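Peer 1: Data: input06.pdb, PDB, C-alpha atoms.
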ATOM      1  CA  MET A 205     -65.300  22.070 -54.311
ATOM      2  CA  THR A 206     -67.455  22.660 -51.263
ATOM      3  CA  SER A 207     -66.625  25.883 -49.462
ATOM      4  CA  GLY A 208     -65.654  25.816 -45.802
ATOM      5  CA  TRP A 209     -68.624  28.064 -45.135
ATOM      6  CA  ASP A 210     -71.021  25.298 -46.233
ATOM      7  CA  LEU A 211     -69.825  22.601 -43.837
ATOM      8  CA  ALA A 212     -71.607  21.514 -40.653
ATOM      9  CA  PRO A 213     -71.702  24.199 -37.924
ATOM     10  CA  SER A 214     -68.188  24.917 -36.713
ATOM     11  CA  PRO A 215     -66.292  27.801 -35.135
ATOM     12  CA  TYR A 216     -63.877  27.530 -38.073
ATOM     13  CA  ALA A 217     -63.984  28.236 -41.782
ATOM     14  CA  GLU A 218     -61.945  25.620 -43.652
ATOM     15  CA  LEU A 219     -60.668  27.070 -46.915
ATOM     16  CA  SER A 220     -58.684  25.545 -49.735
ATOM     17  CA  ARG A 221     -55.791  27.535 -51.103
ATOM     18  CA  ASP A 222     -57.839  28.528 -54.156
ATOM     19  CA  GLU A 223     -60.737  29.730 -51.997
ATOM     20  CA  TRP A 224     -58.387  31.632 -49.729
ATOM     21  CA  SER A 225     -56.445  33.272 -52.568
ATOM     22  CA  ARG A 226     -59.635  34.814 -53.987
ATOM     23  CA  LEU A 227     -60.070  36.750 -50.747
ATOM     24  CA  ARG A 228     -57.110  38.924 -51.661
ATOM     25  CA  GLU A 229     -59.465  41.085 -53.744
ATOM     26  CA  ASP A 230     -57.564  44.216 -54.821
ATOM     27  CA  THR A 231     -54.808  44.119 -52.182
ATOM     28  CA  PRO A 232     -51.694  45.301 -54.072
ATOM     29  CA  LEU A 233     -48.375  43.476 -54.134
ATOM     30  CA  LEU A 234     -45.800  46.012 -52.996
ATOM     31  CA  LEU A 235     -42.942  43.603 -52.395
ATOM     32  CA  SER A 236     -40.165  42.873 -54.878
ATOM     33  CA  SER A 237     -38.491  39.530 -55.546
ATOM     34  CA  SER A 238     -35.213  40.827 -54.123
ATOM     35  CA  GLU A 239     -36.965  41.901 -50.929
ATOM     36  CA  LEU A 240     -38.527  38.459 -50.609
ATOM     37  CA  ASP A 241     -35.091  36.869 -51.042
ATOM     38  CA  ALA A 242     -33.865  38.877 -48.043
ATOM     39  CA  LEU A 243     -36.840  37.769 -45.928
ATOM     40  CA  ARG A 244     -36.775  34.090 -46.835
ATOM     41  CA  GLY A 245     -35.442  31.703 -44.203
ATOM     42  CA  LEU A 246     -32.834  29.014 -44.842
ATOM     43  CA  LYS A 247     -34.299  26.162 -46.936
ATOM     44  CA  ASP A 248     -37.662  27.962 -47.153
ATOM     45  CA  PRO A 249     -38.736  27.942 -50.834
ATOM     46  CA  ILE A 250     -41.471  30.584 -50.510
ATOM     47  CA  ASP A 251     -41.958  32.466 -53.799
ATOM     48  CA  MET A 252     -43.914  35.428 -55.115
ATOM     49  CA  THR A 253     -46.879  33.230 -56.068
ATOM     50  CA  GLU A 254     -47.136  32.136 -52.439
ATOM     51  CA  VAL A 255     -47.017  35.764 -51.332
ATOM     52  CA  GLU A 256     -49.822  36.720 -53.709
ATOM     53  CA  GLU A 257     -52.075  33.724 -53.054
ATOM     54  CA  VAL A 258     -51.567  33.255 -49.305
ATOM     55  CA  TYR A 259     -50.052  36.282 -47.614
ATOM     56  CA  LEU A 260     -51.817  39.135 -49.400
ATOM     57  CA  PRO A 261     -55.234  37.775 -48.340
ATOM     58  CA  LEU A 262     -53.806  37.446 -44.829
ATOM     59  CA  SER A 263     -52.569  41.034 -44.927
ATOM     60  CA  ARG A 264     -56.050  42.161 -45.998
ATOM     61  CA  LEU A 265     -57.687  40.185 -43.186
ATOM     62  CA  ILE A 266     -55.389  41.656 -40.551
ATOM     63  CA  HIS A 267     -56.060  45.134 -41.926
ATOM     64  CA  LEU A 268     -59.771  44.522 -41.380
ATOM     65  CA  PHE A 269     -59.081  43.344 -37.832
ATOM     66  CA  VAL A 270     -57.057  46.486 -37.091
ATOM     67  CA  ARG A 271     -59.871  48.699 -38.398
ATOM     68  CA  SER A 272     -62.380  46.762 -36.308
ATOM     69  CA  LYS A 273     -60.241  47.282 -33.213
ATOM     70  CA  GLY A 274     -60.267  51.024 -33.913
ATOM     71  CA  ARG A 275     -64.073  51.033 -34.071
ATOM     72  CA  LEU A 276     -64.261  49.115 -30.797
ATOM     73  CA  ARG A 277     -61.979  51.700 -29.147
ATOM     74  CA  ASP A 278     -64.265  54.458 -30.416
ATOM     75  CA  THR A 279     -67.238  52.661 -28.859
ATOM     76  CA  VAL A 280     -65.470  52.495 -25.498
ATOM     77  CA  ASP A 281     -64.573  56.193 -25.781
ATOM     78  CA  ASP A 282     -68.212  57.061 -26.436
ATOM     79  CA  PHE A 283     -69.312  55.046 -23.430
ATOM     80  CA  LEU A 284     -66.739  56.589 -21.100
ATOM     81  CA  GLY A 285     -67.198  60.076 -22.487
ATOM     82  CA  GLY A 286     -63.483  60.533 -23.088
ATOM     83  CA  GLU A 287     -60.716  59.513 -25.430
ATOM     84  CA  THR A 288     -58.346  56.606 -24.895
ATOM     85  CA  THR A 289     -54.829  56.447 -26.262
ATOM     86  CA  PRO A 290     -54.458  53.947 -29.137
ATOM     87  CA  THR A 291     -52.302  50.977 -28.224
ATOM     88  CA  PRO A 292     -50.439  48.563 -30.510
ATOM     89  CA  PHE A 293     -52.230  45.777 -32.339
ATOM     90  CA  LEU A 294     -50.524  42.542 -31.260
ATOM     91  CA  ILE A 295     -50.062  39.507 -33.503
ATOM     92  CA  GLY A 296     -48.748  36.164 -32.246
ATOM     93  CA  ILE A 297     -47.147  33.610 -34.584
ATOM     94  CA  ALA A 298     -46.527  30.067 -33.331
ATOM     95  CA  GLY A 299     -45.350  26.757 -34.743
ATOM     96  CA  SER A 300     -42.614  24.159 -34.629
ATOM     97  CA  VAL A 301     -38.908  24.543 -35.141
ATOM     98  CA  ALA A 302     -38.189  24.457 -38.920
ATOM     99  CA  VAL A 303     -41.821  24.985 -39.979
ATOM    100  CA  GLY A 304     -41.090  28.457 -41.399
ATOM    101  CA  LYS A 305     -42.772  30.704 -38.839
ATOM    102  CA  SER A 306     -39.826  33.146 -38.784
ATOM    103  CA  THR A 307     -40.187  33.701 -42.522
ATOM    104  CA  VAL A 308     -43.932  34.239 -42.055
ATOM    105  CA  ALA A 309     -43.233  36.800 -39.327
ATOM    106  CA  ARG A 310     -40.673  38.736 -41.394
ATOM    107  CA  LEU A 311     -42.874  38.639 -44.477
ATOM    108  CA  LEU A 312     -45.931  39.871 -42.585
ATOM    109  CA  ARG A 313     -43.918  42.693 -41.087
ATOM    110  CA  ALA A 314     -42.910  43.804 -44.584
ATOM    111  CA  LEU A 315     -46.428  43.519 -46.010
ATOM    112  CA  LEU A 316     -48.201  45.235 -43.105
ATOM    113  CA  SER A 317     -45.767  48.150 -43.091
ATOM    114  CA  ARG A 318     -46.720  48.845 -46.724
ATOM    115  CA  TRP A 319     -50.373  49.548 -45.995
ATOM    116  CA  PRO A 320     -51.517  53.039 -47.091
ATOM    117  CA  GLU A 321     -51.439  54.172 -43.447
ATOM    118  CA  ARG A 322     -47.724  53.233 -43.286
ATOM    119  CA  PRO A 323     -47.948  51.741 -39.778
ATOM    120  CA  VAL A 324     -44.823  51.164 -37.725
ATOM    121  CA  VAL A 325     -44.495  47.389 -37.423
ATOM    122  CA  GLU A 326     -42.050  45.815 -34.986
ATOM    123  CA  LEU A 327     -41.079  42.162 -34.681
ATOM    124  CA  VAL A 328     -39.732  40.391 -31.606
ATOM    125  CA  THR A 329     -39.052  36.710 -31.078
ATOM    126  CA  THR A 330     -39.443  34.840 -27.830
ATOM    127  CA  ASP A 331     -35.821  33.691 -28.251
ATOM    128  CA  SER A 332     -34.981  37.025 -26.600
ATOM    129  CA  PHE A 333     -36.580  35.664 -23.439
ATOM    130  CA  LEU A 334     -34.704  32.373 -23.328
ATOM    131  CA  LEU A 335     -32.735  31.966 -20.133
ATOM    132  CA  PRO A 336     -28.953  32.308 -20.682
ATOM    133  CA  ASN A 337     -27.096  29.046 -21.264
ATOM    134  CA  SER A 338     -25.373  29.403 -17.900
ATOM    135  CA  VAL A 339     -28.743  29.426 -16.136
ATOM    136  CA  LEU A 340     -30.091  26.582 -18.262
ATOM    137  CA  SER A 341     -27.003  24.523 -17.430
ATOM    138  CA  GLU A 342     -27.397  25.189 -13.697
ATOM    139  CA  ARG A 343     -31.009  24.029 -13.889
ATOM    140  CA  GLY A 344     -30.277  21.008 -16.085
ATOM    141  CA  LEU A 345     -32.342  22.476 -18.928
ATOM    142  CA  LEU A 346     -29.772  23.061 -21.672
ATOM    143  CA  ASP A 347     -31.084  20.062 -23.615
ATOM    144  CA  ARG A 348     -34.622  21.430 -23.229
ATOM    145  CA  LYS A 349     -34.003  24.810 -24.824
ATOM    146  CA  GLY A 350     -37.259  25.863 -26.482
ATOM    147  CA  PHE A 351     -39.446  24.054 -23.937
ATOM    148  CA  PRO A 352     -41.705  26.368 -21.906
ATOM    149  CA  GLU A 353     -39.534  26.099 -18.803
ATOM    150  CA  SER A 354     -36.450  27.387 -20.688
ATOM    151  CA  TYR A 355     -37.928  30.903 -20.990
ATOM    152  CA  ASP A 356     -38.244  33.782 -18.579
ATOM    153  CA  ARG A 357     -41.998  33.748 -19.042
ATOM    154  CA  GLN A 358     -42.666  36.421 -16.466
ATOM    155  CA  ALA A 359     -40.341  38.837 -18.284
ATOM    156  CA  LEU A 360     -42.083  38.065 -21.585
ATOM    157  CA  VAL A 361     -45.521  38.746 -20.101
ATOM    158  CA  ARG A 362     -44.288  41.974 -18.490
ATOM    159  CA  PHE A 363     -42.895  43.139 -21.828
ATOM    160  CA  VAL A 364     -46.034  42.378 -23.831
ATOM    161  CA  SER A 365     -48.230  43.887 -21.114
ATOM    162  CA  ALA A 366     -46.171  47.090 -21.132
ATOM    163  CA  VAL A 367     -46.317  47.388 -24.932
ATOM    164  CA  LYS A 368     -50.044  46.709 -24.948
ATOM    165  CA  SER A 369     -50.535  49.339 -22.237
ATOM    166  CA  GLY A 370     -48.898  51.987 -24.414
ATOM    167  CA  ALA A 371     -45.482  52.246 -22.740
ATOM    168  CA  GLU A 372     -43.276  54.754 -24.541
ATOM    169  CA  GLU A 373     -40.284  52.432 -24.657
ATOM    170  CA  CYS A 374     -39.573  48.798 -23.813
ATOM    171  CA  THR A 375     -36.136  47.189 -23.892
ATOM    172  CA  ILE A 376     -35.523  43.445 -24.149
ATOM    173  CA  PRO A 377     -32.466  41.143 -24.450
ATOM    174  CA  VAL A 378     -31.068  39.920 -27.771
ATOM    175  CA  TYR A 379     -30.529  36.246 -28.648
ATOM    176  CA  SER A 380     -27.851  35.102 -31.105
ATOM    177  CA  HIS A 381     -28.595  31.957 -33.100
ATOM    178  CA  LEU A 382     -24.954  31.923 -34.125
ATOM    179  CA  GLU A 383     -23.709  31.858 -30.540
ATOM    180  CA  TYR A 384     -26.780  29.936 -29.329
ATOM    181  CA  ASP A 385     -27.137  32.225 -26.331
ATOM    182  CA  ILE A 386     -28.339  35.572 -25.019
ATOM    183  CA  VAL A 387     -25.842  38.274 -26.009
ATOM    184  CA  PRO A 388     -24.473  40.065 -22.926
ATOM    185  CA  ASP A 389     -25.258  43.802 -22.826
ATOM    186  CA  ALA A 390     -27.109  43.710 -26.195
ATOM    187  CA  THR A 391     -30.689  44.982 -26.260
ATOM    188  CA  GLN A 392     -33.603  45.611 -28.613
ATOM    189  CA  THR A 393     -35.800  48.621 -27.939
ATOM    190  CA  VAL A 394     -39.462  48.765 -28.971
ATOM    191  CA  ARG A 395     -40.980  52.261 -29.093
ATOM    192  CA  ARG A 396     -44.776  52.290 -29.306
ATOM    193  CA  PRO A 397     -45.297  50.549 -32.652
ATOM    194  CA  ASP A 398     -48.663  50.514 -34.362
ATOM    195  CA  ILE A 399     -48.357  46.746 -34.766
ATOM    196  CA  LEU A 400     -46.174  44.325 -32.820
ATOM    197  CA  ILE A 401     -45.542  40.785 -34.071
ATOM    198  CA  VAL A 402     -44.431  38.264 -31.432
ATOM    199  CA  GLU A 403     -43.049  35.059 -32.938
ATOM    200  CA  GLY A 404     -42.123  31.941 -30.997
ATOM    201  CA  LEU A 405     -42.651  28.258 -30.365
ATOM    202  CA  ASN A 406     -44.972  28.522 -27.385
ATOM    203  CA  VAL A 407     -46.617  31.947 -27.666
ATOM    204  CA  LEU A 408     -50.116  30.444 -27.789
ATOM    205  CA  GLN A 409     -49.803  28.405 -24.613
ATOM    206  CA  ALA A 410     -52.609  28.855 -22.128
ATOM    207  CA  PRO A 411     -51.500  30.497 -18.873
ATOM    208  CA  ALA A 412     -51.580  28.754 -15.523
ATOM    209  CA  PRO A 413     -54.896  29.191 -13.689
ATOM    210  CA  GLY A 414     -55.120  32.594 -12.069
ATOM    211  CA  SER A 415     -52.323  34.139 -14.124
ATOM    212  CA  LEU A 416     -51.829  35.914 -17.454
ATOM    213  CA  GLY A 417     -50.042  34.467 -20.461
ATOM    214  CA  VAL A 418     -48.593  36.253 -23.462
ATOM    215  CA  SER A 419     -51.442  34.902 -25.606
ATOM    216  CA  ASP A 420     -53.940  36.894 -23.517
ATOM    217  CA  PHE A 421     -52.654  40.097 -25.123
ATOM    218  CA  PHE A 422     -52.916  39.075 -28.781
ATOM    219  CA  ASP A 423     -55.460  40.695 -31.085
ATOM    220  CA  PHE A 424     -54.757  38.118 -33.800
ATOM    221  CA  SER A 425     -52.781  34.879 -33.805
ATOM    222  CA  ILE A 426     -51.374  32.528 -36.433
ATOM    223  CA  TYR A 427     -50.256  28.914 -36.167
ATOM    224  CA  VAL A 428     -47.986  27.605 -38.936
ATOM    225  CA  ASP A 429     -48.812  23.921 -39.302
ATOM    226  CA  ALA A 430     -47.537  20.860 -41.179
ATOM    227  CA  ARG A 431     -47.311  17.097 -40.767
ATOM    228  CA  VAL A 432     -44.769  16.097 -38.131
ATOM    229  CA  GLU A 433     -43.005  13.871 -40.678
ATOM    230  CA  ASP A 434     -42.543  16.785 -43.069
ATOM    231  CA  ILE A 435     -41.238  19.120 -40.381
ATOM    232  CA  ARG A 436     -38.730  16.473 -39.312
ATOM    233  CA  GLN A 437     -37.322  16.306 -42.835
ATOM    234  CA  TRP A 438     -37.204  20.115 -43.091
ATOM    235  CA  PHE A 439     -35.266  20.222 -39.818
ATOM    236  CA  ILE A 440     -32.734  17.657 -41.029
ATOM    237  CA  ASP A 441     -32.352  19.504 -44.343
ATOM    238  CA  ARG A 442     -31.794  22.746 -42.441
ATOM    239  CA  VAL A 443     -29.060  21.208 -40.272
ATOM    240  CA  PHE A 444     -27.196  20.165 -43.428
ATOM    241  CA  ALA A 445     -27.642  23.656 -44.895
ATOM    242  CA  LEU A 446     -26.352  25.244 -41.672
ATOM    243  CA  ARG A 447     -23.306  23.000 -41.818
ATOM    244  CA  ARG A 448     -22.383  24.671 -45.096
ATOM    245  CA  THR A 449     -23.167  28.188 -43.862
ATOM    246  CA  ALA A 450     -23.500  29.352 -40.241
ATOM    247  CA  PHE A 451     -21.623  26.405 -38.708
ATOM    248  CA  THR A 452     -18.482  27.361 -40.656
ATOM    249  CA  ASP A 453     -18.201  30.580 -38.645
ATOM    250  CA  PRO A 454     -15.684  30.055 -35.801
ATOM    251  CA  ARG A 455     -18.057  31.937 -33.476
ATOM    252  CA  SER A 456     -20.803  29.384 -34.042
ATOM    253  CA  TYR A 457     -21.812  27.270 -31.063
ATOM    254  CA  PHE A 458     -21.994  24.339 -33.510
ATOM    255  CA  HIS A 459     -18.731  25.095 -35.332
ATOM    256  CA  GLU A 460     -17.340  21.613 -34.637
ATOM    257  CA  TYR A 461     -20.134  20.058 -36.698
ATOM    258  CA  ALA A 462     -18.942  21.852 -39.826
ATOM    259  CA  HIS A 463     -15.885  19.634 -40.173
ATOM    260  CA  GLU A 464     -15.705  16.899 -37.557
ATOM    261  CA  LEU A 465     -18.754  14.874 -38.593
ATOM    262  CA  ASP A 466     -19.242  13.056 -41.873
ATOM    263  CA  GLU A 467     -22.648  13.100 -43.542
ATOM    264  CA  ASP A 468     -23.909   9.951 -41.840
ATOM    265  CA  GLU A 469     -22.830  11.235 -38.425
ATOM    266  CA  LEU A 470     -24.436  14.618 -39.070
ATOM    267  CA  ALA A 471     -27.665  12.943 -40.181
ATOM    268  CA  ALA A 472     -27.667  10.846 -37.023
ATOM    269  CA  PHE A 473     -27.078  13.973 -34.917
ATOM    270  CA  ALA A 474     -29.952  15.827 -36.600
ATOM    271  CA  GLN A 475     -32.313  12.880 -36.228
ATOM    272  CA  ARG A 476     -31.402  12.502 -32.557
ATOM    273  CA  VAL A 477     -31.989  16.195 -31.807
ATOM    274  CA  TRP A 478     -35.314  16.036 -33.610
ATOM    275  CA  ARG A 479     -36.435  12.847 -31.851
ATOM    276  CA  ASP A 480     -35.224  13.678 -28.348
ATOM    277  CA  VAL A 481     -35.909  17.423 -28.252
ATOM    278  CA  ASN A 482     -37.892  19.085 -31.029
ATOM    279  CA  GLU A 483     -40.500  16.409 -31.682
ATOM    280  CA  ILE A 484     -41.219  15.989 -27.975
ATOM    281  CA  ASN A 485     -41.642  19.750 -27.594
ATOM    282  CA  LEU A 486     -43.848  19.907 -30.689
ATOM    283  CA  VAL A 487     -46.166  17.075 -29.697
ATOM    284  CA  SER A 488     -46.324  17.889 -25.977
ATOM    285  CA  ASN A 489     -46.313  21.695 -25.922
ATOM    286  CA  ILE A 490     -46.631  23.384 -29.312
ATOM    287  CA  LEU A 491     -49.170  21.368 -31.312
ATOM    288  CA  PRO A 492     -51.792  21.429 -28.522
ATOM    289  CA  THR A 493     -51.909  25.244 -28.864
ATOM    290  CA  ARG A 494     -52.963  25.117 -32.525
ATOM    291  CA  ALA A 495     -56.672  25.259 -31.661
ATOM    292  CA  ARG A 496     -56.122  28.584 -29.866
ATOM    293  CA  ALA A 497     -55.011  30.385 -33.030
ATOM    294  CA  THR A 498     -57.197  32.812 -34.948
ATOM    295  CA  LEU A 499     -55.819  31.366 -38.179
ATOM    296  CA  VAL A 500     -53.945  28.181 -39.098
ATOM    297  CA  LEU A 501     -51.747  27.975 -42.203
ATOM    298  CA  HIS A 502     -51.302  24.302 -43.133
ATOM    299  CA  LYS A 503     -48.300  23.516 -45.319
ATOM    300  CA  GLY A 504     -47.786  20.555 -47.601
ATOM    301  CA  LYS A 505     -44.619  18.532 -48.102
ATOM    302  CA  ASP A 506     -43.254  21.157 -50.502
ATOM    303  CA  HIS A 507     -43.538  23.901 -47.831
ATOM    304  CA  ALA A 508     -46.400  25.577 -49.721
ATOM    305  CA  VAL A 509     -49.597  26.451 -47.850
ATOM    306  CA  GLN A 510     -52.377  24.103 -48.984
ATOM    307  CA  ARG A 511     -55.286  25.132 -46.824
ATOM    308  CA  VAL A 512     -56.299  27.704 -44.235
ATOM    309  CA  ARG A 513     -58.435  27.442 -41.112
ATOM    310  CA  LEU A 514     -59.951  30.688 -39.847
ATOM    311  CA  ARG A 515     -61.722  31.007 -36.523
ATOM    312  CA  ARG A 516     -65.109  32.643 -37.111
ATOM    313  CA  ILE A 517     -66.208  33.109 -33.489
TER     314      ILE A 517
END
Mind turning this structure into structure tokens?
Peer 2:
Amino acid sequence: MTSGWDLAPSPYAELSRDEWSRLREDTPLLLSSSELDALRGLKDPIDMTEVEEVYLPLSRLIHLFVRSKGRLRDTVDDFLGGETTPTPFLIGIAGSVAVGKSTVARLLRALLSRWPERPVVELVTTDSFLLPNSVLSERGLLDRKGFPESYDRQALVRFVSAVKSGAEECTIPVYSHLEYDIVPDATQTVRRPDILIVEGLNVLQAPAPGSLGVSDFFDFSIYVDARVEDIRQWFIDRVFALRRTAFTDPRSYFHEYAHELDEDELAAFAQRVWRDVNEINLVSNILPTRARATLVLHKGKDHAVQRVRLRRI
């Protein structure tokens, strides 16, 4: 098979899974099957083979990026004749609803924290910056939750800017998927991590002219990709799985769907939400940001990563 490096000139290296997996070299697997079970998202079939062949090479690559950033900081210190304070390495992870980006984020956090340096790795999701349901309702945006306008984007940029600037402590809201809303008075505090992972639908969006976007602060970014048709089926499968699990909790925003809809009605509901909300957001807002990522993980119908695209320049 022709290597991605041998194709016509391109800013990207296109690598098959086999080519990518060989780039793991001697990166050790320090994650157990039980730990992976705890990290795996609902209906995400990721296994230890996937970790070894896809995510260990990715862990190695990010490690090289972090070391390179350290050398660049040393160069700046030499030029200025002083010493700057190290700031967190920021990683952005984007992709559609139901594509598995949350699992990727949790898995990367676990793998990166096991490096020999034992870095402190924090993970935040942009769900924490969704506007409360009451505000979304007032603005007529409740059915557009997840679209760019449903977030407090200024608060997100302020948070990432503060972390990147070396702030001692940053506190953000907490979002509950069970309650489908921001939790009043609940907070998450981030205290100067070595690495911060920011996961969300639209984290790679370009900012408006003359302003900063969250993507401007990333040192490395990942887009989790798949065919729209496959993601649609994964979303529908996940809705059925949630009906048997989270929706049965009386506190769930979608509790009524656990009992009041038969299978055909639930399928129709899931297809409608996908068609009228998630697919529109994916095609209009999320997918166009794929080209901005440092690395693209493309999944096949079985959820396994088939090929990788790495930006070279």
Peer 1: Taking a cut-off of 10 Å and counting only C-alpha atoms, can you build a table that, for each residue of region 250-362 of chain A near region 382-392 of chain A, reports the nearest atom pair and how far apart they are in Å (one decimal), sorted by chain then residue number, as JSON lines?
Peer 2:
{"residue": "A:Val328", "atom": "CA", "partner": "A:Gln392", "partner_atom": "CA", "distance": 8.6}
{"residue": "A:Asp331", "atom": "CA", "partner": "A:Ile386", "partner_atom": "CA", "distance": 8.4}
{"residue": "A:Ser332", "atom": "CA", "partner": "A:Ile386", "partner_atom": "CA", "distance": 7.0}
{"residue": "A:Phe333", "atom": "CA", "partner": "A:Ile386", "partner_atom": "CA", "distance": 8.4}
{"residue": "A:Leu334", "atom": "CA", "partner": "A:Ile386", "partner_atom": "CA", "distance": 7.3}
{"residue": "A:Leu335", "atom": "CA", "partner": "A:Ile386", "partner_atom": "CA", "distance": 7.5}
{"residue": "A:Pro336", "atom": "CA", "partner": "A:Ile386", "partner_atom": "CA", "distance": 5.5}
{"residue": "A:Asn337", "atom": "CA", "partner": "A:Asp385", "partner_atom": "CA", "distance": 6.0}
{"residue": "A:Ser338", "atom": "CA", "partner": "A:Asp385", "partner_atom": "CA", "distance": 9.1}
{"residue": "A:Lys349", "atom": "CA", "partner": "A:Tyr384", "partner_atom": "CA", "distance": 9.9}
Peer 1: Mind dumping the selected residues with C-alpha atoms as a JSON list (two decimals), in the coordinates of the input?
Peer 2:
[["chain", "number", "residue", "atom", "x", "y", "z"],
["A", 328, "VAL", "CA", -39.73, 40.39, -31.61],
["A", 331, "ASP", "CA", -35.82, 33.69, -28.25],
["A", 332, "SER", "CA", -34.98, 37.02, -26.60],
["A", 333, "PHE", "CA", -36.58, 35.66, -23.44],
["A", 334, "LEU", "CA", -34.70, 32.37, -23.33],
["A", 335, "LEU", "CA", -32.74, 31.97, -20.13],
["A", 336, "PRO", "CA", -28.95, 32.31, -20.68],
["A", 337, "ASN", "CA", -27.10, 29.05, -21.26],
["A", 338, "SER", "CA", -25.37, 29.40, -17.90],
["A", 349, "LYS", "CA", -34.00, 24.81, -24.82]]
Peer 1: A:Leu416, A:Ile426, A:Ile266, A:Ala462: which is nearest Leu360 (chain A), counting only C-alpha atoms?
Peer 2: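 Nearest candidate to Leu360 (chain A) out of A:Leu416, A:Ile426, A:Ile266, A:Ala462: A:Leu416.
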Peer 1: Expressed in Å to a single decimal, how great is the separation between CA of Leu486 (chain A) and CA of Leu340 (chain A)?
Peer 2: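 Separation between CA of Leu486 (chain A) and CA of Leu340 (chain A): 19.7 Å.
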Peer 1: Rounded to one decimal, what separation in Å do you get between CA of Ser300 (chain A) and CA of Arg496 (chain A)?
Peer 2: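 Result for CA of Ser300 (chain A) versus CA of Arg496 (chain A): 15.0 Å, one decimal.
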Peer 1: Name the residues that the PyMOL selection byres ((chain A and resi 303) around 9) pulls out of this structure, and write them as a list in words.
Peer 2: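 Evaluating the PyMOL selection byres ((chain A and resi 303) around 9) on these coordinates yields Asp248, Gly299, Ser300, Val301, Ala302, Gly304, Lys305, Ser306, Val428, Asp429, Ala430, Asp434, Ile435, Trp438, Phe439, Lys503 and His507 of chain A.
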Peer 1: Would you mind reading off the distance between CA of Val487 (chain A) and CA of Glu433 (chain A), one decimal, in Å?
Peer 2: 11.9 Å
Peer 1: Can you pull out the residues contacting Arg448 (chain A)? Cut-off 10 Å, using all atoms listed in the file, and skip same-chain residues under 5 positions away; I want them as a VMD selection string.
Peer 2: chain A and resid 442 to 443 453 461 to 463
Peer 1: Quick check on the file I pasted: which residues fall under the PyMOL selection byres ((chain A and resi 226) around 12)? Write them as a list of chain:residue names.
Peer 2: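 When the PyMOL selection byres ((chain A and resi 226) around 12) is applied, the selected residues are A:Leu219, A:Ser220, A:Arg221, A:Asp222, A:Glu223, A:Trp224, A:Ser225, A:Leu227, A:Arg228, A:Glu229, A:Asp230, A:Thr231, A:Glu256, A:Glu257, A:Val258, A:Tyr259, A:Leu260, A:Pro261, A:Leu262, A:Arg264.
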Peer 1: Could you list as a PyMOL selection string every residue that has an atom within 12 Å of (-35.7, 41.0, -47.8), using the file's coordinates and counting all atoms listed in the file?
Peer 2: chain A and resi 235-245+307+310-315
Peer 1: For Arg513 (chain A), which of A:Asn406, A:Gln358, A:Ser214, A:Ser272 is the closest residue, counting all atoms listed in the file?
Peer 2: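 The answer is A:Ser214, which sits nearest to Arg513 (chain A).
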Peer 1: Please determine the residues with any atom at most 12 Å from (-23.5, 22.1, -39.2) (coordinates as given in the file, with only C-alpha atoms counting) and report them as a PyMOL selection string.
Peer 2: chain A and resi 382+439-454+456-467+469-471+473-474
